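Here is final-v7.cif, consisting of mmCIF, C-alpha atoms and all ligand atoms:
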data_final
#
loop_
_atom_site.group_PDB
_atom_site.id
_atom_site.type_symbol
_atom_site.label_atom_id
_atom_site.label_comp_id
_atom_site.auth_asym_id
_atom_site.auth_seq_id
_atom_site.Cartn_x
_atom_site.Cartn_y
_atom_site.Cartn_z
ATOM 1 C CA MET A 131 80.956 94.825 33.684
ATOM 2 C CA THR A 132 84.407 94.081 32.346
ATOM 3 C CA ASP A 133 85.328 94.618 28.728
ATOM 4 C CA LEU A 134 86.828 91.500 27.186
ATOM 5 C CA THR A 135 88.052 93.281 24.035
ATOM 6 C CA ARG A 136 91.636 93.075 25.265
ATOM 7 C CA PHE A 137 91.317 89.359 25.995
ATOM 8 C CA ARG A 138 89.659 88.662 22.649
ATOM 9 C CA ALA A 139 92.524 90.420 20.842
ATOM 10 C CA PHE A 140 95.020 88.336 22.806
ATOM 11 C CA ILE A 141 93.502 84.972 21.892
ATOM 12 C CA GLN A 142 93.200 86.040 18.258
ATOM 13 C CA SER A 143 96.860 87.109 18.159
ATOM 14 C CA PHE A 144 98.005 83.992 19.983
ATOM 15 C CA THR A 145 96.058 81.761 17.595
ATOM 16 C CA ARG A 146 97.848 83.427 14.684
ATOM 17 C CA LEU A 147 101.157 82.862 16.486
ATOM 18 C CA VAL A 148 100.641 79.112 17.020
ATOM 19 C CA GLU A 149 99.568 78.865 13.390
ATOM 20 C CA SER A 150 102.868 80.392 12.258
ATOM 21 C CA ALA A 151 105.229 79.005 14.918
ATOM 22 C CA GLY A 152 103.925 75.470 15.235
ATOM 23 C CA GLY A 153 106.036 73.799 17.899
ATOM 24 C CA HIS A 154 108.937 76.244 17.565
ATOM 25 C CA GLU A 155 109.383 77.146 21.213
ATOM 26 C CA ALA A 156 111.847 79.990 20.762
ATOM 27 C CA GLN A 157 109.448 81.782 18.408
ATOM 28 C CA LEU A 158 106.484 81.164 20.711
ATOM 29 C CA PHE A 159 108.371 82.751 23.621
ATOM 30 C CA ALA A 160 109.845 85.594 21.567
ATOM 31 C CA GLU A 161 106.551 86.624 19.976
ATOM 32 C CA GLY A 162 104.172 85.368 22.672
ATOM 33 C CA GLU A 163 105.709 87.187 25.623
ATOM 34 C CA PRO A 164 104.969 90.679 24.230
ATOM 35 C CA LEU A 165 101.365 89.593 23.669
ATOM 36 C CA LEU A 166 101.071 88.426 27.280
ATOM 37 C CA ARG A 167 102.767 91.591 28.571
ATOM 38 C CA GLU A 168 100.233 93.668 26.682
ATOM 39 C CA LEU A 169 97.352 91.597 28.103
ATOM 40 C CA ILE A 170 98.481 92.057 31.723
ATOM 41 C CA ALA A 171 99.451 95.706 31.327
ATOM 42 C CA ASP A 172 95.901 96.735 32.185
ATOM 43 C CA ASP A 173 93.841 95.093 34.895
ATOM 44 C CA ASP A 174 90.437 95.982 33.469
ATOM 45 C CA TRP A 175 89.265 92.894 31.598
ATOM 46 C CA LEU A 176 89.231 89.790 33.802
ATOM 47 C CA PRO A 177 85.696 89.070 35.055
ATOM 48 C CA GLU A 178 85.696 88.986 38.847
ATOM 49 C CA VAL A 179 84.366 85.420 38.971
ATOM 50 C CA PHE A 180 87.680 84.306 37.423
ATOM 51 C CA ALA A 181 89.707 86.369 39.916
ATOM 52 C CA THR A 182 88.070 85.065 43.075
ATOM 53 C CA ALA A 183 90.172 83.291 45.688
ATOM 54 C CA ALA A 184 88.962 80.290 47.665
ATOM 55 C CA ARG A 185 89.680 79.595 51.296
ATOM 56 C CA ASP A 186 90.898 76.019 50.909
ATOM 57 C CA ARG A 187 93.315 76.169 47.968
ATOM 58 C CA TYR A 188 94.546 78.251 45.035
ATOM 59 C CA GLN A 189 92.202 78.402 42.055
ATOM 60 C CA GLN A 190 92.935 77.819 38.362
ATOM 61 C CA TYR A 191 90.229 79.071 36.027
ATOM 62 C CA LEU A 192 90.348 78.100 32.372
ATOM 63 C CA LEU A 193 89.767 81.267 30.330
ATOM 64 C CA TRP A 194 90.295 79.825 26.863
ATOM 65 C CA CYS A 195 91.476 76.651 25.161
ATOM 66 C CA ASP A 196 92.450 76.614 21.519
ATOM 67 C CA PRO A 197 90.028 74.270 19.698
ATOM 68 C CA LEU A 198 93.008 72.167 18.591
ATOM 69 C CA GLU A 199 94.476 72.300 22.139
ATOM 70 C CA ARG A 200 97.646 73.991 20.887
ATOM 71 C CA PHE A 201 97.468 76.470 23.806
ATOM 72 C CA SER A 202 95.345 77.293 26.824
ATOM 73 C CA VAL A 203 94.954 80.426 28.950
ATOM 74 C CA VAL A 204 94.320 80.118 32.693
ATOM 75 C CA SER A 205 93.928 82.625 35.549
ATOM 76 C CA PHE A 206 95.557 81.513 38.796
ATOM 77 C CA VAL A 207 94.318 83.075 42.030
ATOM 78 C CA TRP A 208 96.145 82.722 45.324
ATOM 79 C CA ALA A 209 94.780 83.879 48.662
ATOM 80 C CA PRO A 210 97.380 84.989 51.231
ATOM 81 C CA GLY A 211 99.449 81.997 52.347
ATOM 82 C CA GLN A 212 98.512 79.793 49.381
ATOM 83 C CA ARG A 213 101.019 78.176 47.053
ATOM 84 C CA THR A 214 101.304 75.409 44.494
ATOM 85 C CA PRO A 215 103.032 72.122 45.204
ATOM 86 C CA ILE A 216 106.438 71.684 43.584
ATOM 87 C CA HIS A 217 105.403 70.676 40.077
ATOM 88 C CA ASP A 218 106.429 70.361 36.452
ATOM 89 C CA HIS A 219 104.601 71.338 33.246
ATOM 90 C CA THR A 220 105.942 69.107 30.426
ATOM 91 C CA VAL A 221 105.144 71.852 27.852
ATOM 92 C CA TRP A 222 106.187 75.475 27.355
ATOM 93 C CA GLY A 223 104.403 77.998 29.526
ATOM 94 C CA MET A 224 104.387 81.679 30.450
ATOM 95 C CA VAL A 225 103.233 83.250 33.712
ATOM 96 C CA GLY A 226 102.189 86.923 33.642
ATOM 97 C CA VAL A 227 101.271 88.606 36.918
ATOM 98 C CA LEU A 228 98.108 90.678 36.570
ATOM 99 C CA ARG A 229 97.425 91.677 40.166
ATOM 100 C CA GLY A 230 99.448 91.596 43.383
ATOM 101 C CA ALA A 231 102.798 89.803 43.451
ATOM 102 C CA GLU A 232 104.028 86.231 43.395
ATOM 103 C CA ARG A 233 107.158 84.367 44.369
ATOM 104 C CA CYS A 234 108.719 81.615 42.282
ATOM 105 C CA GLU A 235 111.100 78.982 43.640
ATOM 106 C CA GLU A 236 112.934 77.056 40.925
ATOM 107 C CA PHE A 237 114.072 73.456 41.265
ATOM 108 C CA SER A 238 115.929 70.893 39.207
ATOM 109 C CA ARG A 239 116.508 67.187 39.692
ATOM 110 C CA ASP A 240 119.892 65.626 40.266
ATOM 111 C CA PRO A 241 120.117 63.176 37.354
ATOM 112 C CA SER A 242 122.027 60.582 39.380
ATOM 113 C CA THR A 243 119.985 60.576 42.602
ATOM 114 C CA GLY A 244 116.635 62.030 41.507
ATOM 115 C CA ASN A 245 116.834 64.444 44.461
ATOM 116 C CA LEU A 246 115.394 67.916 44.073
ATOM 117 C CA VAL A 247 117.953 70.699 43.960
ATOM 118 C CA ALA A 248 116.745 74.153 44.980
ATOM 119 C CA GLY A 249 117.580 76.873 42.466
ATOM 120 C CA LYS A 250 116.862 80.554 42.228
ATOM 121 C CA VAL A 251 114.034 82.235 44.085
ATOM 122 C CA HIS A 252 112.690 85.271 42.327
ATOM 123 C CA PRO A 253 109.896 87.751 42.915
ATOM 124 C CA LEU A 254 107.248 88.248 40.255
ATOM 125 C CA PRO A 255 105.722 91.712 40.613
ATOM 126 C CA ALA A 256 102.622 92.755 38.691
ATOM 127 C CA GLY A 257 103.426 93.182 35.009
ATOM 128 C CA SER A 258 106.272 90.646 34.972
ATOM 129 C CA VAL A 259 106.383 87.472 32.860
ATOM 130 C CA ASP A 260 108.157 84.215 33.719
ATOM 131 C CA ARG A 261 108.835 81.271 31.411
ATOM 132 C CA VAL A 262 108.939 77.509 31.947
ATOM 133 C CA SER A 263 109.573 74.515 29.697
ATOM 134 C CA PRO A 264 111.374 71.188 29.857
ATOM 135 C CA ARG A 265 114.143 72.815 27.804
ATOM 136 C CA ILE A 266 114.798 75.884 30.001
ATOM 137 C CA GLY A 267 113.665 74.620 33.424
ATOM 138 C CA ASP A 268 110.317 73.097 34.204
ATOM 139 C CA ILE A 269 110.050 72.519 37.966
ATOM 140 C CA HIS A 270 108.945 75.240 40.348
ATOM 141 C CA ARG A 271 106.717 76.257 43.233
ATOM 142 C CA VAL A 272 104.720 79.499 43.027
ATOM 143 C CA SER A 273 103.200 81.314 45.973
ATOM 144 C CA ASN A 274 101.370 84.517 46.758
ATOM 145 C CA ALA A 275 103.979 87.035 47.899
ATOM 146 C CA LEU A 276 101.412 89.263 49.598
ATOM 147 C CA PRO A 277 100.324 88.578 53.197
ATOM 148 C CA ASP A 278 97.082 90.517 53.074
ATOM 149 C CA ARG A 279 95.376 90.103 49.687
ATOM 150 C CA PRO A 280 95.002 87.739 46.743
ATOM 151 C CA SER A 281 97.332 87.741 43.752
ATOM 152 C CA VAL A 282 96.240 86.856 40.223
ATOM 153 C CA SER A 283 98.336 85.718 37.271
ATOM 154 C CA ILE A 284 97.501 84.824 33.687
ATOM 155 C CA HIS A 285 99.213 81.695 32.355
ATOM 156 C CA VAL A 286 99.557 80.477 28.784
ATOM 157 C CA TYR A 287 100.629 76.891 28.090
ATOM 158 C CA GLY A 288 101.384 74.901 24.969
ATOM 159 C CA ALA A 289 98.564 72.404 25.517
ATOM 160 C CA ASN A 290 95.219 71.995 27.292
ATOM 161 C CA VAL A 291 97.135 72.166 30.544
ATOM 162 C CA GLY A 292 94.384 71.023 32.906
ATOM 163 C CA THR A 293 94.259 67.640 31.184
ATOM 164 C CA LEU A 294 98.010 66.989 31.014
ATOM 165 C CA GLN A 295 99.597 64.152 32.911
ATOM 166 C CA ARG A 296 102.246 65.969 34.965
ATOM 167 C CA HIS A 297 104.117 65.501 38.244
ATOM 168 C CA VAL A 298 104.289 66.887 41.735
ATOM 169 C CA PHE A 299 107.435 66.319 43.768
ATOM 170 C CA ASP A 300 108.008 65.553 47.425
ATOM 171 C CA PRO A 301 110.261 68.352 48.746
ATOM 172 C CA ALA A 302 112.164 66.000 51.058
ATOM 173 C CA THR A 303 112.758 62.978 48.841
ATOM 174 C CA GLY A 304 112.283 64.341 45.298
ATOM 175 C CA ALA A 305 109.845 61.504 44.618
ATOM 176 C CA ALA A 306 107.528 62.274 41.693
ATOM 177 C CA ALA A 307 103.799 61.554 41.831
ATOM 178 C CA PRO A 308 101.388 61.786 38.880
ATOM 179 C CA PHE A 309 99.341 64.987 38.763
ATOM 180 C CA VAL A 310 96.502 66.230 36.549
ATOM 181 C CA SER A 311 95.544 69.745 37.620
ATOM 182 C CA GLY A 312 92.036 70.040 36.162
ATOM 183 C CA TYR A 313 90.264 73.396 36.337
ATOM 184 C CA SER A 314 88.282 75.175 39.059
ATOM 185 C CA ASN A 315 85.507 76.437 36.767
ATOM 186 C CA ALA A 316 82.691 74.716 34.876
ATOM 187 C CA SER A 317 82.070 77.528 32.358
ATOM 188 C CA LEU A 318 84.239 79.954 30.413
ATOM 189 C CA PRO A 319 84.204 83.738 30.011
ATOM 190 C CA ASN A 320 82.523 84.900 26.801
ATOM 191 C CA PRO A 321 85.124 86.890 24.823
ATOM 192 C CA TRP A 322 82.522 87.679 22.169
ATOM 193 C CA LEU A 323 80.185 89.581 24.475
ATOM 194 C CA PRO A 324 79.906 93.140 23.103
ATOM 195 C CA ALA A 325 81.815 95.750 25.109
ATOM 196 C CA GLY A 326 79.592 97.341 27.733
ATOM 197 C CA GLY A 327 77.601 94.299 28.670
ATOM 198 C CA ARG A 328 74.945 91.927 27.504
ATOM 199 C CA PRO A 329 73.038 92.549 24.294
ATOM 200 C CA PRO A 330 69.349 93.353 24.683
ATOM 201 C CA ALA A 331 67.141 90.264 25.086
HETATM 202 FE FE FE B 1 103.723 76.168 37.269
#
Please lay out the structure from this file as structure tokens.
Ligand code: FE
Amino acid sequence: MTDLTRFRAFIQSFTRLVESAGGHEAQLFAEGEPLLRELIADDDWLPEVFATAARDRYQQYLLWCDPLERFSVVSFVWAPGQRTPIHDHTVWGMVGVLRGAERCEEFSRDPSTGNLVAGKVHPLPAGSVDRVSPRIGDIHRVSNALPDRPSVSIHVYGANVGTLQRHVFDPATGAAAPFVSGYSNASLPNPWLPAGGRPPA
């Protein structure tokens, strides 16, 4: 049985942060990244059902959504060989690698032609945090960097991300298509479960 104390502390701290920062992105990144780094520093809290890869595609499990939809927390799980499409986010987001390693390819769009322009490619080892937003760069493709086992990352976004109208992009033409990611899970982890397991019936 995992102990969700660490996760509960994270969502409490992050709720306080969105209360104080509002839509101030620089403050959310500056104060939110240390919270995410602390959450992913120990891999002892994520229930296995939210860290389970699927054969057909990468999984995105909603772990928490702020009741006012000011932020959401999602675990992404890639089996070997799996990757996202090239996509945007439309809101601020942070990616923290909990387990394994990932690879991020950045893109931008040529404003005159709409073509995709490949940018930096960077590795994301366990413990690292990456940032996205329309202001700092919002288009990327993320893949599992490991050939032999799943990788898991914890993402925080400035909205209920699974319901957002976003875009995926054709790598060859740059053409954008509408995209709503949804979530892979029907129920959420219970961050209020006492440490050590279920209470007596
Ligand atoms: Fe992304």
Just say which residues the PyMOL selection byres (((chain A and resi 265-278) around 8) and not hetatm) picks in this file, as a list in words.
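Given this file, the PyMOL selection byres (((chain A and resi 265-278) around 8) and not hetatm) evaluates to Trp208, Ala209, Pro210, Gly211, Gln212, Arg213, Thr214, Pro215, Ile216, His217, Asp218, His219, Thr220, Gly230, Ala231, Glu232, Arg233, Cys234, Glu235, Glu236, Phe237, Ser238, Pro253, Val262, Ser263, Pro264, Arg279, Pro280 and Ser281 of chain A.
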Within 9 Å of Leu158 of chain A using all atoms listed in the file, minus same-chain residues under 6 positions, as a list in words
Phe144, Leu147, Val148, Ala151, Gly152 and Trp222 of chain A
Using only C-alpha atoms and all ligand atoms, can you tell me which of A:Trp175, A:Gln190, A:Leu165, A:Asn315 comes closest to ligand FE 1 (chain B)?
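Of A:Trp175, A:Gln190, A:Leu165, A:Asn315, the one nearest ligand FE 1 (chain B) is A:Gln190, counting only C-alpha atoms and all ligand atoms.
This file, filtered with the PyMOL selection byres (((chain A and resi 229) around 10) and not hetatm), gives the residues Ile170, Ala171, Asp172, Asp173, Ala181, Val207, Gly226, Val227, Leu228, Gly230, Ala231, Glu232, Pro255, Ala256, Gly257, Arg279, Pro280, Ser281, Val282, Ser283 and Ile284 of chain A.
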What does the structure give for the distance between atom CA of Phe180 of chain A and atom CA of Ser205 of chain A, in Å to one decimal?
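Result for atom CA of Phe180 of chain A versus atom CA of Ser205 of chain A: 6.7 Å, one decimal.
For the residues A:Gly223, A:Pro241, A:Pro308, A:Pro321, ranking by smallest atom-to-atom distance to ligand FE 1 (chain B) using all atoms listed in the file places A:Gly223 first.
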Computed interatomic separation between atom CA of Ser314 of chain A and atom CA of Gln189 of chain A (Å):
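These two atoms are separated by 5.9 Å.
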Find the residues around Asn245 of chain A up to 12 Å (all atoms listed in the file counted), leave out those fewer than 3 positions away in its own chain, and share them as a list in words.
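Near Asn245 of chain A, the qualifying residues are Phe237, Ser238, Arg239, Asp240, Pro241, Ser242, Ala248, Phe299, Asp300, Pro301, Ala302, Thr303, Gly304, Ala305 and Ala306 of chain A.
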By how many Å are atom CA of Ala307 of chain A and atom CA of Phe159 of chain A apart?
28.3 Å
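For the set A:Leu318, A:Val298, A:Leu246, A:Ala184, the residue with the smallest atom-to-atom gap to ligand FE 1 (chain B) is A:Val298, counting only C-alpha atoms and all ligand atoms.
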Top pick for closest residue to ligand FE 1 (chain B), considering A:Ala139, A:Val259, A:Val225, A:Val203 and counting only C-alpha atoms and all ligand atoms
A:Val225
Taking all atoms of segment 298-307 of chain A that the file lists and extending 4 Å past them on each side, where is the centre of the axis-aligned box and how long are its edges? Answer in Å to one decimal, as lines of an AutoDock Vina configuration file.
center_x = 108.3
center_y = 64.9
center_z = 46.4
size_x = 17.0
size_y = 14.8
size_z = 17.4
Let me make sure I understand: among A:Ala183, A:Val204, A:Leu176, A:Leu134, which one has the smallest atom-to-atom distance to ligand FE 1 (chain B) if we use all atoms listed in the file?
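Going through A:Ala183, A:Val204, A:Leu176, A:Leu134 one by one, the smallest distance to ligand FE 1 (chain B) is for A:Val204.
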